[in-house]
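Comments concern the structure below.
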Amino acid sequence: MPTRNAFIPFHVPDIGEDEIQAVVETLRSGWLTTGLKSKKFEEEFAAYIGSPHAVALNSGTAALHLALDAVGIKAGDEVLVPTMTFTATAEVVLYLGARPVLVDCEADTLNIDSRGFEKAIGPKTKAVMPVDFAGQPCELGKILEIARDRKLAVIEDAAHALPARHQGKMVGTLSDITCFSFYATKTITTGEGGMATTANPQWADRMRMMSLHGISKDAWKRYTASGSWYYEVEYPGYKYNLTDMAAALGLVQLKRADEFYRARKRIAALYHAGFADVPEIRRPVVRDDVQHAWHLYVVQLELDRLRIGRDEFIEALKKENIGTSVHFIPLHLHPFYRNAFGYKAGDFPNARAAFERIISLPIFPGMTDEQVARVIDAVRAIVIEHRR
Ligand SMILES: Cc1ncc(COP(=O)(O)O)c(C=O)c1O
């Protein structure tokens with residue numbers, strides 16, 4: 001029996017007996033690496049999203065890397081990346097010898113600021129990577145319009161945004177290439193894994209080929225009864241293919257994606273109601289024309305109403321046995337991006353201000369109403385103890 005004060009982790013993946021059975025069956029099948037399960041996962045993911053093509057990969061980072069490669073990003077190019085993201089979004093630009101140029105976020109949604117993005121476009125800019133922060137789609141209408149006008153590729157980082165919609169359309173069908181992550185904490189998981197969706201068959205083929213050493217078509221067929229030993233290397237590619245063990249897990253998780261979404265949406269609604277009368281807690285702002293995937297529930301502290309800062313707030317929650325996280329430490333505050341590109345803390349005022357205020361509260365499908373109530377009560381009690 002869990003005690004009333006048992007630890008509430010920031011995230012717990014929801015892995016049921018069906019997932020365990022699917023992985024065990026794959027282990028018993030004798031086929032562990034990329035094969036028919038990965039192919040089926042691609043087909044079912046493409047159908048779920050409504051995208052003509054889906055390429056299964058071993059991480060979201062791999063998807064972002066291959067997407068930039070597919071649209072032709074090369075050394076010397078510039079790619080616009082929001083500073084309010086995980087380092088993966090920007091590091092893949094560097095893999096190709098290009099330069100990530102950082103852009104500030106909107107103060108309310110923490111998504112990339114479309115005005116700031118337009119201003120940052122220069123003669124070397126070839127692509128933009130909007131990140132659907134916490135699971136809320138960016139202003140994709142405006143971003144796509146500017147990108148089309150300025151001939152930029154749009155590689156959407158939807159690591160948080162399954163399932164999400166922008167003006168009714170599924171995320172994964174809007175940008176040139178959309179990249180999803182199935183990392184352990186994400187909205188569906190394969191342990192590690194990712195997927196790239198696109199409507200462009202050439203880009204899909206290129207990503208598939210580059211995910212397996214740049215070897216010509218359907219290399220995995222070599223190992224099947226219908227395959228042959230012969231292959232040709234067309235480009236120096238990478239080793240980014242998804243295993244069938246992971247795909248087996250993903251196939252079951254994908255079937256549960258809507259169930260998981262409904263559970264996270266319910267938790268977000270409980271938090272929203274629970275903090276409605278707490279002016280010290282700024283709740284996430286959701287645009288009218290989106291479906292938010294609620295991968296994260298990120299509150300911002302109204303620091304001028306409190307006598308403690310964000311770090312002390314997190315410590316106080318920890319004392320109540322509640323796990324939290326911070327998404328994100330903006331890239332321009334990290335030593336690498338500061339040192340390599342000369343960014344200063346004050347360069348992106350919205351992201352910097354948000355960073356001092358943000359806390360990601362626990363949100364995962366298996367979270368009980370009692371656990372949600374405990375988090376709300378703890379936040380409220382800390383606010384009461386420390387309000388000015
Ligand atoms: C915004 C964002 N982009 C990309 C990634 C990278 O995904 P992966 O861990 O699957 O490589 C993550 C998190 O892991 C993320 O939060």
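Convention: chains lettered A, B, ... in structure tokens order; per-chain residue numbering from 1; ligands numbered from 1 as shown.
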
Nearby residues, ligand 1, 9 Å, only C-alpha atoms and all ligand atoms, as number ranges by chain: A: 58-64, 84-90, 131-134, 157-160, 179-186, 191-195, 327-328

Please dump the current selection as a CSV table (one decimal), in the first residue's frame; keep C-alpha atoms.
chain,number,residue,atom,x,y,z
A,58,ASN,CA,16.4,5.2,-32.8
A,59,SER,CA,15.9,8.7,-31.3
A,60,GLY,CA,14.2,12.0,-31.8
A,61,THR,CA,17.7,13.5,-32.2
A,62,ALA,CA,18.4,11.1,-35.1
A,63,ALA,CA,15.1,12.2,-36.7
A,64,LEU,CA,16.1,15.9,-36.4
A,84,MET,CA,13.9,27.6,-25.2
A,85,THR,CA,14.6,24.0,-26.1
A,86,PHE,CA,16.7,20.9,-25.4
A,87,THR,CA,20.2,20.9,-26.8
A,88,ALA,CA,19.3,18.2,-29.3
A,89,THR,CA,17.4,20.7,-31.5
A,90,ALA,CA,20.5,22.8,-32.0
A,131,VAL,CA,9.7,23.3,-31.2
A,132,ASP,CA,6.2,22.6,-29.9
A,133,PHE,CA,7.0,23.5,-26.3
A,134,ALA,CA,5.4,21.2,-23.7
A,157,ASP,CA,10.6,19.5,-33.4
A,158,ALA,CA,7.4,17.7,-32.2
A,159,ALA,CA,9.3,15.7,-29.5
A,160,HIS,CA,6.5,16.9,-27.1
A,179,CYS,CA,10.3,14.9,-35.8
A,180,PHE,CA,8.9,12.9,-32.8
A,181,SER,CA,10.6,11.4,-29.8
A,182,PHE,CA,9.8,8.2,-28.0
A,183,TYR,CA,12.3,8.7,-25.2
A,184,ALA,CA,11.2,7.2,-21.8
A,185,THR,CA,9.4,10.3,-20.6
A,186,LYS,CA,7.6,11.2,-23.8
A,191,GLY,CA,12.6,3.4,-24.4
A,192,GLU,CA,14.7,5.3,-26.9
A,193,GLY,CA,13.3,6.0,-30.4
A,194,GLY,CA,12.0,8.5,-32.8
A,195,MET,CA,10.0,9.0,-36.0
A,327,HIS,CA,12.1,22.7,-19.2
A,328,PHE,CA,14.4,24.2,-20.2

Which of region 12-195 of chain A fall in alpha helix (DSSP H), as a ChimeraX atom specification: /A:17-29,36-49,60-70,87-95,114-120,140-150

All strand (DSSP E) residues (DSSP, backbone) inside region 123-154 of chain A, as a PyMOL selection string: chain A and resi 125-128+153-154

Could you dump the residues just selected with N, CA and C atoms as an mmCIF file, in the first residue's frame?
data_model
loop_
_atom_site.group_PDB
_atom_site.id
_atom_site.type_symbol
_atom_site.label_atom_id
_atom_site.label_comp_id
_atom_site.auth_asym_id
_atom_site.auth_seq_id
_atom_site.Cartn_x
_atom_site.Cartn_y
_atom_site.Cartn_z
ATOM 1 N N THR A 125 20.458 31.916 -43.958
ATOM 2 C CA THR A 125 19.424 31.098 -43.292
ATOM 3 C C THR A 125 18.766 30.163 -44.299
ATOM 4 N N LYS A 126 18.741 28.862 -43.956
ATOM 5 C CA LYS A 126 18.168 27.875 -44.875
ATOM 6 C C LYS A 126 16.987 27.121 -44.268
ATOM 7 N N ALA A 127 16.866 27.174 -42.942
ATOM 8 C CA ALA A 127 15.779 26.402 -42.315
ATOM 9 C C ALA A 127 15.443 26.992 -40.959
ATOM 10 N N VAL A 128 14.244 26.632 -40.474
ATOM 11 C CA VAL A 128 13.831 27.000 -39.122
ATOM 12 C C VAL A 128 13.316 25.729 -38.450
ATOM 13 N N ALA A 153 13.336 25.853 -45.270
ATOM 14 C CA ALA A 153 12.715 24.574 -44.903
ATOM 15 C C ALA A 153 12.222 24.673 -43.460
ATOM 16 N N VAL A 154 11.109 23.992 -43.163
ATOM 17 C CA VAL A 154 10.585 23.966 -41.788
ATOM 18 C C VAL A 154 10.694 22.539 -41.253
#

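Minimum distance to Met210 (chain A) across A:Leu36, A:Val55, A:Ala354, A:Val285 (counting only C-alpha atoms) occurs at A:Val55.
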
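Taking only C-alpha atoms, the non-local environment of region 261-277 of chain A within 8 Å (same-chain residues fewer than 2 positions away omitted) comprises Pro163, Thr187, Ala257, Asp258, Glu259, Pro279, Ile281, Arg283, Ala293, Trp294, His295, Tyr297, Ile363, Phe364, Pro365, Gly366, Met367, Asp369, Val372, Ile376 and Arg380 of chain A.
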
Polymer residues at most 12 Å from Phe313 (chain A), only C-alpha atoms, same-chain spacing of 6 or more positions, as a PyMOL selection string: chain A and resi 280-281+299-303+306-307+319-320+322-326+356-361+378-387
